[in-house]
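Undergrad: Here you go, structure.pdb (PDB, C-alpha atoms and all ligand atoms):
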MODEL        1
ATOM      1  CA  MET R   1      86.900 116.894  92.206  1.00  0.00           C
ATOM      2  CA  THR R   2      85.631 118.769  89.188  1.00  0.00           C
ATOM      3  CA  ASN R   3      88.736 120.819  88.541  1.00  0.00           C
ATOM      4  CA  GLN R   4      91.433 118.182  88.466  1.00  0.00           C
ATOM      5  CA  PRO R   5      94.335 119.268  86.317  1.00  0.00           C
ATOM      6  CA  PHE R   6      94.533 117.139  83.244  1.00  0.00           C
ATOM      7  CA  ARG R   7      97.867 115.609  84.180  1.00  0.00           C
ATOM      8  CA  PHE R   8      96.306 113.940  87.195  1.00  0.00           C
ATOM      9  CA  ARG R   9      93.545 112.257  85.299  1.00  0.00           C
ATOM     10  CA  SER R  10      95.136 108.921  84.617  1.00  0.00           C
ATOM     11  CA  ALA R  11      96.613 108.640  88.078  1.00  0.00           C
ATOM     12  CA  LEU R  12      93.258 109.440  89.604  1.00  0.00           C
ATOM     13  CA  ALA R  13      91.486 106.962  87.414  1.00  0.00           C
ATOM     14  CA  CYS R  14      93.799 104.298  88.733  1.00  0.00           C
ATOM     15  CA  ALA R  15      93.516 105.469  92.304  1.00  0.00           C
ATOM     16  CA  ALA R  16      89.756 105.611  92.013  1.00  0.00           C
ATOM     17  CA  LEU R  17      89.714 102.054  90.771  1.00  0.00           C
ATOM     18  CA  VAL R  18      91.825 100.957  93.709  1.00  0.00           C
ATOM     19  CA  LEU R  19      89.768 102.877  96.241  1.00  0.00           C
ATOM     20  CA  LEU R  20      86.461 101.752  94.840  1.00  0.00           C
ATOM     21  CA  SER R  21      87.569  98.202  95.041  1.00  0.00           C
ATOM     22  CA  SER R  22      88.606  98.637  98.636  1.00  0.00           C
ATOM     23  CA  THR R  23      85.051  99.528  99.555  1.00  0.00           C
ATOM     24  CA  ALA R  24      83.935  96.166  98.298  1.00  0.00           C
ATOM     25  CA  TYR R  25      86.586  94.300 100.208  1.00  0.00           C
ATOM     26  CA  GLY R  26      85.318  90.918 101.200  1.00  0.00           C
ATOM     27  CA  PRO R  27      86.541  87.523 102.256  1.00  0.00           C
ATOM     28  CA  PHE R  28      88.726  85.770  99.767  1.00  0.00           C
ATOM     29  CA  ALA R  29      87.077  82.780  98.282  1.00  0.00           C
ATOM     30  CA  GLN R  30      89.498  79.978  99.011  1.00  0.00           C
ATOM     31  CA  ALA R  31      92.770  81.850  99.180  1.00  0.00           C
ATOM     32  CA  SER R  32      94.860  79.863  96.775  1.00  0.00           C
ATOM     33  CA  SER R  33      98.553  79.836  97.420  1.00  0.00           C
ATOM     34  CA  PHE R  34     101.613  79.306  95.266  1.00  0.00           C
ATOM     35  CA  SER R  35     105.243  79.113  96.230  1.00  0.00           C
ATOM     36  CA  VAL R  36     108.765  78.947  94.942  1.00  0.00           C
ATOM     37  CA  ALA R  37     112.043  78.864  96.852  1.00  0.00           C
ATOM     38  CA  GLY R  38     110.579  80.082 100.129  1.00  0.00           C
ATOM     39  CA  VAL R  39     108.370  82.780  98.634  1.00  0.00           C
ATOM     40  CA  GLU R  40     104.654  82.172  99.075  1.00  0.00           C
ATOM     41  CA  VAL R  41     101.952  84.072  97.164  1.00  0.00           C
ATOM     42  CA  GLN R  42      98.458  83.901  98.604  1.00  0.00           C
ATOM     43  CA  GLY R  43      95.148  84.846  97.076  1.00  0.00           C
ATOM     44  CA  PRO R  44      95.938  86.620  93.801  1.00  0.00           C
ATOM     45  CA  GLU R  45      92.802  88.224  92.351  1.00  0.00           C
ATOM     46  CA  ALA R  46      92.168  90.126  89.135  1.00  0.00           C
ATOM     47  CA  MET R  47      89.403  92.648  88.823  1.00  0.00           C
ATOM     48  CA  ALA R  48      86.790  92.145  86.158  1.00  0.00           C
ATOM     49  CA  THR R  49      86.832  94.758  83.399  1.00  0.00           C
ATOM     50  CA  SER R  50      84.348  96.167  80.937  1.00  0.00           C
ATOM     51  CA  ALA R  51      84.597  96.062  77.168  1.00  0.00           C
ATOM     52  CA  GLY R  52      86.928  98.813  76.036  1.00  0.00           C
ATOM     53  CA  GLN R  53      88.703  99.142  79.358  1.00  0.00           C
ATOM     54  CA  PRO R  54      92.360  98.963  78.351  1.00  0.00           C
ATOM     55  CA  ASN R  55      93.932  97.824  81.590  1.00  0.00           C
ATOM     56  CA  GLY R  56      93.156  95.680  84.580  1.00  0.00           C
ATOM     57  CA  ALA R  57      94.323  95.465  88.181  1.00  0.00           C
ATOM     58  CA  ILE R  58      95.511  92.501  90.223  1.00  0.00           C
ATOM     59  CA  PHE R  59      95.655  92.378  93.998  1.00  0.00           C
ATOM     60  CA  ILE R  60      97.355  89.756  96.134  1.00  0.00           C
ATOM     61  CA  GLN R  61      96.294  88.937  99.643  1.00  0.00           C
ATOM     62  CA  ALA R  62      99.905  88.555 100.786  1.00  0.00           C
ATOM     63  CA  ILE R  63     103.379  87.595  99.669  1.00  0.00           C
ATOM     64  CA  SER R  64     105.466  85.944 102.390  1.00  0.00           C
ATOM     65  CA  ASN R  65     109.200  85.535 102.190  1.00  0.00           C
ATOM     66  CA  LYS R  66     110.044  82.541 104.329  1.00  0.00           C
ATOM     67  CA  ALA R  67     113.585  82.355 103.049  1.00  0.00           C
ATOM     68  CA  GLY R  68     116.508  83.589 105.100  1.00  0.00           C
ATOM     69  CA  GLN R  69     117.425  86.270 102.596  1.00  0.00           C
ATOM     70  CA  PRO R  70     115.653  89.344 101.339  1.00  0.00           C
ATOM     71  CA  ASP R  71     113.972  89.163  97.968  1.00  0.00           C
ATOM     72  CA  LYS R  72     112.149  91.494  95.650  1.00  0.00           C
ATOM     73  CA  LEU R  73     109.228  91.233  93.248  1.00  0.00           C
ATOM     74  CA  VAL R  74     110.693  92.859  90.152  1.00  0.00           C
ATOM     75  CA  ALA R  75     108.349  92.071  87.264  1.00  0.00           C
ATOM     76  CA  ALA R  76     105.233  90.262  86.168  1.00  0.00           C
ATOM     77  CA  ARG R  77     103.699  89.108  82.920  1.00  0.00           C
ATOM     78  CA  SER R  78     100.555  87.428  81.684  1.00  0.00           C
ATOM     79  CA  PRO R  79      99.330  86.179  78.337  1.00  0.00           C
ATOM     80  CA  VAL R  80      96.120  88.190  78.773  1.00  0.00           C
ATOM     81  CA  SER R  81      97.804  91.577  78.391  1.00  0.00           C
ATOM     82  CA  ALA R  82     100.540  93.169  76.339  1.00  0.00           C
ATOM     83  CA  SER R  83     102.577  93.902  79.451  1.00  0.00           C
ATOM     84  CA  MET R  84     102.355  94.317  83.184  1.00  0.00           C
ATOM     85  CA  GLU R  85     103.502  96.969  85.631  1.00  0.00           C
ATOM     86  CA  LEU R  86     103.982  97.097  89.384  1.00  0.00           C
ATOM     87  CA  HIS R  87     102.181 100.067  90.936  1.00  0.00           C
ATOM     88  CA  ASN R  88     101.524 101.707  94.211  1.00  0.00           C
ATOM     89  CA  MET R  89      99.010 104.271  95.255  1.00  0.00           C
ATOM     90  CA  THR R  90      99.401 106.360  98.371  1.00  0.00           C
ATOM     91  CA  MET R  91      97.486 109.126 100.068  1.00  0.00           C
ATOM     92  CA  ASP R  92      99.747 112.114 100.556  1.00  0.00           C
ATOM     93  CA  GLY R  93      98.105 114.885 102.551  1.00  0.00           C
ATOM     94  CA  GLY R  94      94.737 113.950 101.134  1.00  0.00           C
ATOM     95  CA  VAL R  95      96.042 113.733  97.582  1.00  0.00           C
ATOM     96  CA  MET R  96      96.103 110.399  95.804  1.00  0.00           C
ATOM     97  CA  ARG R  97      99.442 109.672  94.239  1.00  0.00           C
ATOM     98  CA  MET R  98      99.966 106.760  91.974  1.00  0.00           C
ATOM     99  CA  ARG R  99     103.121 105.566  90.329  1.00  0.00           C
ATOM    100  CA  GLU R 100     104.835 102.693  88.627  1.00  0.00           C
ATOM    101  CA  ILE R 101     107.504 101.220  90.859  1.00  0.00           C
ATOM    102  CA  ALA R 102     110.578  99.200  89.964  1.00  0.00           C
ATOM    103  CA  GLY R 103     110.093  96.515  92.588  1.00  0.00           C
ATOM    104  CA  ILE R 104     108.455  95.503  95.838  1.00  0.00           C
ATOM    105  CA  ASP R 105     110.871  94.571  98.624  1.00  0.00           C
ATOM    106  CA  LEU R 106     110.269  91.325 100.473  1.00  0.00           C
ATOM    107  CA  PRO R 107     112.313  91.353 103.689  1.00  0.00           C
ATOM    108  CA  ALA R 108     113.709  88.039 104.900  1.00  0.00           C
ATOM    109  CA  GLY R 109     111.042  86.389 107.024  1.00  0.00           C
ATOM    110  CA  GLY R 110     108.619  89.178 106.169  1.00  0.00           C
ATOM    111  CA  LYS R 111     105.190  89.476 104.637  1.00  0.00           C
ATOM    112  CA  VAL R 112     103.922  92.137 102.249  1.00  0.00           C
ATOM    113  CA  LEU R 113     100.207  92.796 101.964  1.00  0.00           C
ATOM    114  CA  MET R 114      98.949  93.666  98.495  1.00  0.00           C
ATOM    115  CA  HIS R 115      95.230  93.212  99.032  1.00  0.00           C
ATOM    116  CA  ARG R 116      92.621  95.727  98.028  1.00  0.00           C
ATOM    117  CA  GLY R 117      92.818  98.686 100.355  1.00  0.00           C
ATOM    118  CA  SER R 118      96.221  97.748 101.768  1.00  0.00           C
ATOM    119  CA  LYS R 119      98.200 100.586 103.308  1.00  0.00           C
ATOM    120  CA  GLU R 120     100.838 100.776 100.598  1.00  0.00           C
ATOM    121  CA  GLY R 121      98.323 100.485  97.794  1.00  0.00           C
ATOM    122  CA  TYR R 122     100.443  97.926  95.978  1.00  0.00           C
ATOM    123  CA  HIS R 123      98.870  96.301  92.964  1.00  0.00           C
ATOM    124  CA  LEU R 124      99.832  94.864  89.611  1.00  0.00           C
ATOM    125  CA  MET R 125      98.516  96.283  86.380  1.00  0.00           C
ATOM    126  CA  LEU R 126      97.668  94.363  83.264  1.00  0.00           C
ATOM    127  CA  MET R 127      98.489  96.902  80.563  1.00  0.00           C
ATOM    128  CA  GLY R 128      96.813  96.424  77.210  1.00  0.00           C
ATOM    129  CA  LEU R 129      94.251  93.707  77.854  1.00  0.00           C
ATOM    130  CA  LYS R 130      93.583  91.482  74.857  1.00  0.00           C
ATOM    131  CA  LYS R 131      89.976  90.923  75.969  1.00  0.00           C
ATOM    132  CA  PRO R 132      87.856  91.955  78.935  1.00  0.00           C
ATOM    133  CA  LEU R 133      88.353  89.968  82.133  1.00  0.00           C
ATOM    134  CA  GLU R 134      85.155  88.268  83.216  1.00  0.00           C
ATOM    135  CA  ALA R 135      84.256  87.184  86.709  1.00  0.00           C
ATOM    136  CA  GLY R 136      84.900  83.495  87.166  1.00  0.00           C
ATOM    137  CA  GLN R 137      87.839  83.316  84.801  1.00  0.00           C
ATOM    138  CA  VAL R 138      91.210  82.236  86.106  1.00  0.00           C
ATOM    139  CA  ILE R 139      94.218  83.844  84.470  1.00  0.00           C
ATOM    140  CA  PRO R 140      97.855  82.818  84.645  1.00  0.00           C
ATOM    141  CA  VAL R 141     100.319  85.430  85.884  1.00  0.00           C
ATOM    142  CA  THR R 142     104.057  84.887  86.120  1.00  0.00           C
ATOM    143  CA  LEU R 143     105.718  86.768  88.960  1.00  0.00           C
ATOM    144  CA  VAL R 144     109.453  87.366  88.744  1.00  0.00           C
ATOM    145  CA  PHE R 145     111.405  87.499  92.002  1.00  0.00           C
ATOM    146  CA  GLU R 146     114.981  88.663  92.111  1.00  0.00           C
ATOM    147  CA  ARG R 147     116.225  85.740  94.187  1.00  0.00           C
ATOM    148  CA  ALA R 148     113.523  83.057  94.074  1.00  0.00           C
ATOM    149  CA  GLY R 149     113.042  83.273  90.314  1.00  0.00           C
ATOM    150  CA  GLU R 150     109.788  82.907  88.433  1.00  0.00           C
ATOM    151  CA  LEU R 151     106.483  81.690  89.802  1.00  0.00           C
ATOM    152  CA  GLU R 152     103.289  81.169  87.850  1.00  0.00           C
ATOM    153  CA  VAL R 153     100.165  81.869  89.876  1.00  0.00           C
ATOM    154  CA  LYS R 154      96.496  81.677  88.911  1.00  0.00           C
ATOM    155  CA  ALA R 155      94.498  84.798  89.602  1.00  0.00           C
ATOM    156  CA  SER R 156      90.744  84.461  89.954  1.00  0.00           C
ATOM    157  CA  VAL R 157      88.770  87.215  88.277  1.00  0.00           C
ATOM    158  CA  VAL R 158      86.288  88.848  90.619  1.00  0.00           C
ATOM    159  CA  ASP R 159      83.748  91.537  89.866  1.00  0.00           C
ATOM    160  CA  MET R 160      84.148  94.429  92.301  1.00  0.00           C
ATOM    161  CA  ARG R 161      83.177  97.189  89.942  1.00  0.00           C
ATOM    162  CA  ALA R 162      80.060  98.447  91.667  1.00  0.00           C
ATOM    163  CA  LYS R 163      79.130 101.304  89.361  1.00  0.00           C
ATOM    164  CA  SER R 164      82.656 101.946  88.168  1.00  0.00           C
ATOM    165  CA  HIS R 165      83.732 101.249  84.647  1.00  0.00           C
ATOM    166  CA  GLY R 166      87.055 102.870  85.334  1.00  0.00           C
ATOM    167  CA  GLY R 167      89.111 103.724  82.282  1.00  0.00           C
ATOM    168  CA  HIS R 168      92.451 103.104  83.839  1.00  0.00           C
ATOM    169  CA  HIS R 169      95.457 105.180  82.916  1.00  0.00           C
ATOM    170  CA  GLY R 170      94.044 107.414  80.262  1.00  0.00           C
ATOM    171  CA  GLY R 171      91.505 104.998  78.916  1.00  0.00           C
ATOM    172  CA  SER R 172      88.528 106.387  77.092  1.00  0.00           C
ATOM    173  CA  GLY R 173      85.857 105.171  79.468  1.00  0.00           C
ATOM    174  CA  GLY R 174      87.225 107.044  82.435  1.00  0.00           C
ATOM    175  CA  MET R 175      85.893 107.893  85.847  1.00  0.00           C
ATOM    176  CA  HIS R 176      86.414 111.552  85.057  1.00  0.00           C
ATOM    177  CA  HIS R 177      84.330 113.354  82.538  1.00  0.00           C
ATOM    178  CA  LYS R 178      85.667 116.035  80.282  1.00  0.00           C
ATOM    179  CA  HIS R 179      84.522 119.529  81.087  1.00  0.00           C
TER     180      HIS R 179
HETATM  181 CU    CU K   1      97.605 101.055  88.717  1.00  0.00          CU
ENDMDL
END
Will you turn the file into structure tokens for me?
TA:
Amino acid sequence: MTNQPFRFRSALACAALVLLSSTAYGPFAQASSFSVAGVEVQGPEAMATSAGQPNGAIFIQAISNKAGQPDKLVAARSPVSASMELHNMTMDGGVMRMREIAGIDLPAGGKVLMHRGSKEGYHLMLMGLKKPLEAGQVIPVTLVFERAGELEVKASVVDMRAKSHGGHHGGSGGMHHKH
């Protein structure tokens, strides 16, 4: 991993953050749940960050669509960051690929897993944190669904960093050192 082309650095930093957190996957402390118009969001969690880390990641245990029609998570926002993005990270022939996505489909009657280490690698990014996220905090996040509308959930901040201080998406304190 010492010769990564520069253009992959930010994607890898994100993927590394996601993978590292999956190794520390544990039981959810009291999976809180929130719902609106048949869409139920269970166990949203934000990862603690270090000072200077520009962005943070949020995982969700599951989003269930109990309505009779398909829906889609199309956006998110939180007062703790300048903006938010929906991301996924996949392994493609042993290569980590990470991208911003426009939405996450929620089939009618279906359930989408967005926990740490989930197959699709779905997560939400807090872009431009105003201050570091500390374990024990609870932050409000508004999820925007195409059909069900807006839902404010409370994400608990958990510390899963192990030895990572991952500078996500081109941050200065990155996982990858300059050579
Ligand atoms: Cu990301």
Undergrad: Given the file shown, enumerate the residues that the PyMOL selection byres (((chain R and resi 41) around 9) and not hetatm) captures and present them as a PyMOL selection string.
TA: chain R and resi 32-36+39-40+42-44+60-65+151+153
Undergrad: Just to be explicit: take each residue in the selection above, keep C-alpha atoms, and write the result as a tab-separated table (two decimals), in the frame of the given file.
TA:
chain	number	residue	atom	x	y	z
R	32	SER	CA	94.86	79.86	96.78
R	33	SER	CA	98.55	79.84	97.42
R	34	PHE	CA	101.61	79.31	95.27
R	35	SER	CA	105.24	79.11	96.23
R	36	VAL	CA	108.76	78.95	94.94
R	39	VAL	CA	108.37	82.78	98.63
R	40	GLU	CA	104.65	82.17	99.08
R	42	GLN	CA	98.46	83.90	98.60
R	43	GLY	CA	95.15	84.85	97.08
R	44	PRO	CA	95.94	86.62	93.80
R	60	ILE	CA	97.36	89.76	96.13
R	61	GLN	CA	96.29	88.94	99.64
R	62	ALA	CA	99.90	88.56	100.79
R	63	ILE	CA	103.38	87.60	99.67
R	64	SER	CA	105.47	85.94	102.39
R	65	ASN	CA	109.20	85.54	102.19
R	151	LEU	CA	106.48	81.69	89.80
R	153	VAL	CA	100.16	81.87	89.88
Undergrad: With distances taken over all atoms listed in the file, which residue among R:Lys130, R:Arg77, R:His87, R:His115 lies nearest ligand CU 1 (chain K)?
TA: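 Going through R:Lys130, R:Arg77, R:His87, R:His115 one by one, the smallest distance to ligand CU 1 (chain K) is for R:His87.
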Undergrad: Of the candidates R:Ala46, R:His123, R:Thr90, R:Arg116, which one gets nearest to ligand CU 1 (chain K) if we count all atoms listed in the file?
TA: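 Smallest separation from ligand CU 1 (chain K) among the options: R:His123.
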Undergrad: Select, from R:Ser156, R:Gln137, R:Asn88, R:Thr142, the residue with the minimum atom-to-atom distance to ligand CU 1 (chain K), counting all atoms listed in the file.
TA: R:Asn88
Undergrad: Taking the file as I've supplied it (selection: the PyMOL selection byres (((chain R and resi 149) around 10) and not hetatm)), which residues are included? Please answer as a short mmCIF file (atom, residue, chain, number, x, y, z; two decimals) with C-alpha atoms, in the coordinates of the input.
TA:
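Once everything was written out, this is result_39.cif:
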data_model
loop_
_atom_site.label_atom_id
_atom_site.label_comp_id
_atom_site.auth_asym_id
_atom_site.auth_seq_id
_atom_site.Cartn_x
_atom_site.Cartn_y
_atom_site.Cartn_z
CA VAL R 36 108.76 78.95 94.94
CA ALA R 37 112.04 78.86 96.85
CA VAL R 39 108.37 82.78 98.63
CA ASP R 71 113.97 89.16 97.97
CA LYS R 72 112.15 91.49 95.65
CA LEU R 73 109.23 91.23 93.25
CA VAL R 74 110.69 92.86 90.15
CA LEU R 143 105.72 86.77 88.96
CA VAL R 144 109.45 87.37 88.74
CA PHE R 145 111.40 87.50 92.00
CA GLU R 146 114.98 88.66 92.11
CA ARG R 147 116.22 85.74 94.19
CA ALA R 148 113.52 83.06 94.07
CA GLU R 150 109.79 82.91 88.43
CA LEU R 151 106.48 81.69 89.80
#
Undergrad: Tell me, as a PyMOL selection string, which residues lie within 8 Å of R:Met89, counting all atoms listed in the file; anything in the same chain fewer than 2 positions away does not count.
TA: chain R and resi 15+87+91+96-99+120-122
Undergrad: Write out, as a PDB file, in the frame of the given file, the residues just selected, with C-alpha atoms.
TA:
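result23.pdb, written as the output of this step:
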ATOM      1  CA  ALA R  15      93.516 105.469  92.304  1.00  0.00           C
ATOM      2  CA  HIS R  87     102.181 100.067  90.936  1.00  0.00           C
ATOM      3  CA  MET R  91      97.486 109.126 100.068  1.00  0.00           C
ATOM      4  CA  MET R  96      96.103 110.399  95.804  1.00  0.00           C
ATOM      5  CA  ARG R  97      99.442 109.672  94.239  1.00  0.00           C
ATOM      6  CA  MET R  98      99.966 106.760  91.974  1.00  0.00           C
ATOM      7  CA  ARG R  99     103.121 105.566  90.329  1.00  0.00           C
ATOM      8  CA  GLU R 120     100.838 100.776 100.598  1.00  0.00           C
ATOM      9  CA  GLY R 121      98.323 100.485  97.794  1.00  0.00           C
ATOM     10  CA  TYR R 122     100.443  97.926  95.978  1.00  0.00           C
TER      11      TYR R 122
END
Undergrad: Could you spell out the hits of the PyMOL selection byres (((chain R and resi 102) around 9) and not hetatm) on the shown file, as a ChimeraX atom specification?
TA: /R:73-75,85-87,100-101,103-104
Undergrad: Would you mind telling me which residue in R:Pro140, R:Gly56, R:Gly110, R:Pro132 lies nearest to ligand CU 1 (chain K) when using only C-alpha atoms and all ligand atoms?
TA: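 Closest residue, counting only C-alpha atoms and all ligand atoms: R:Gly56.
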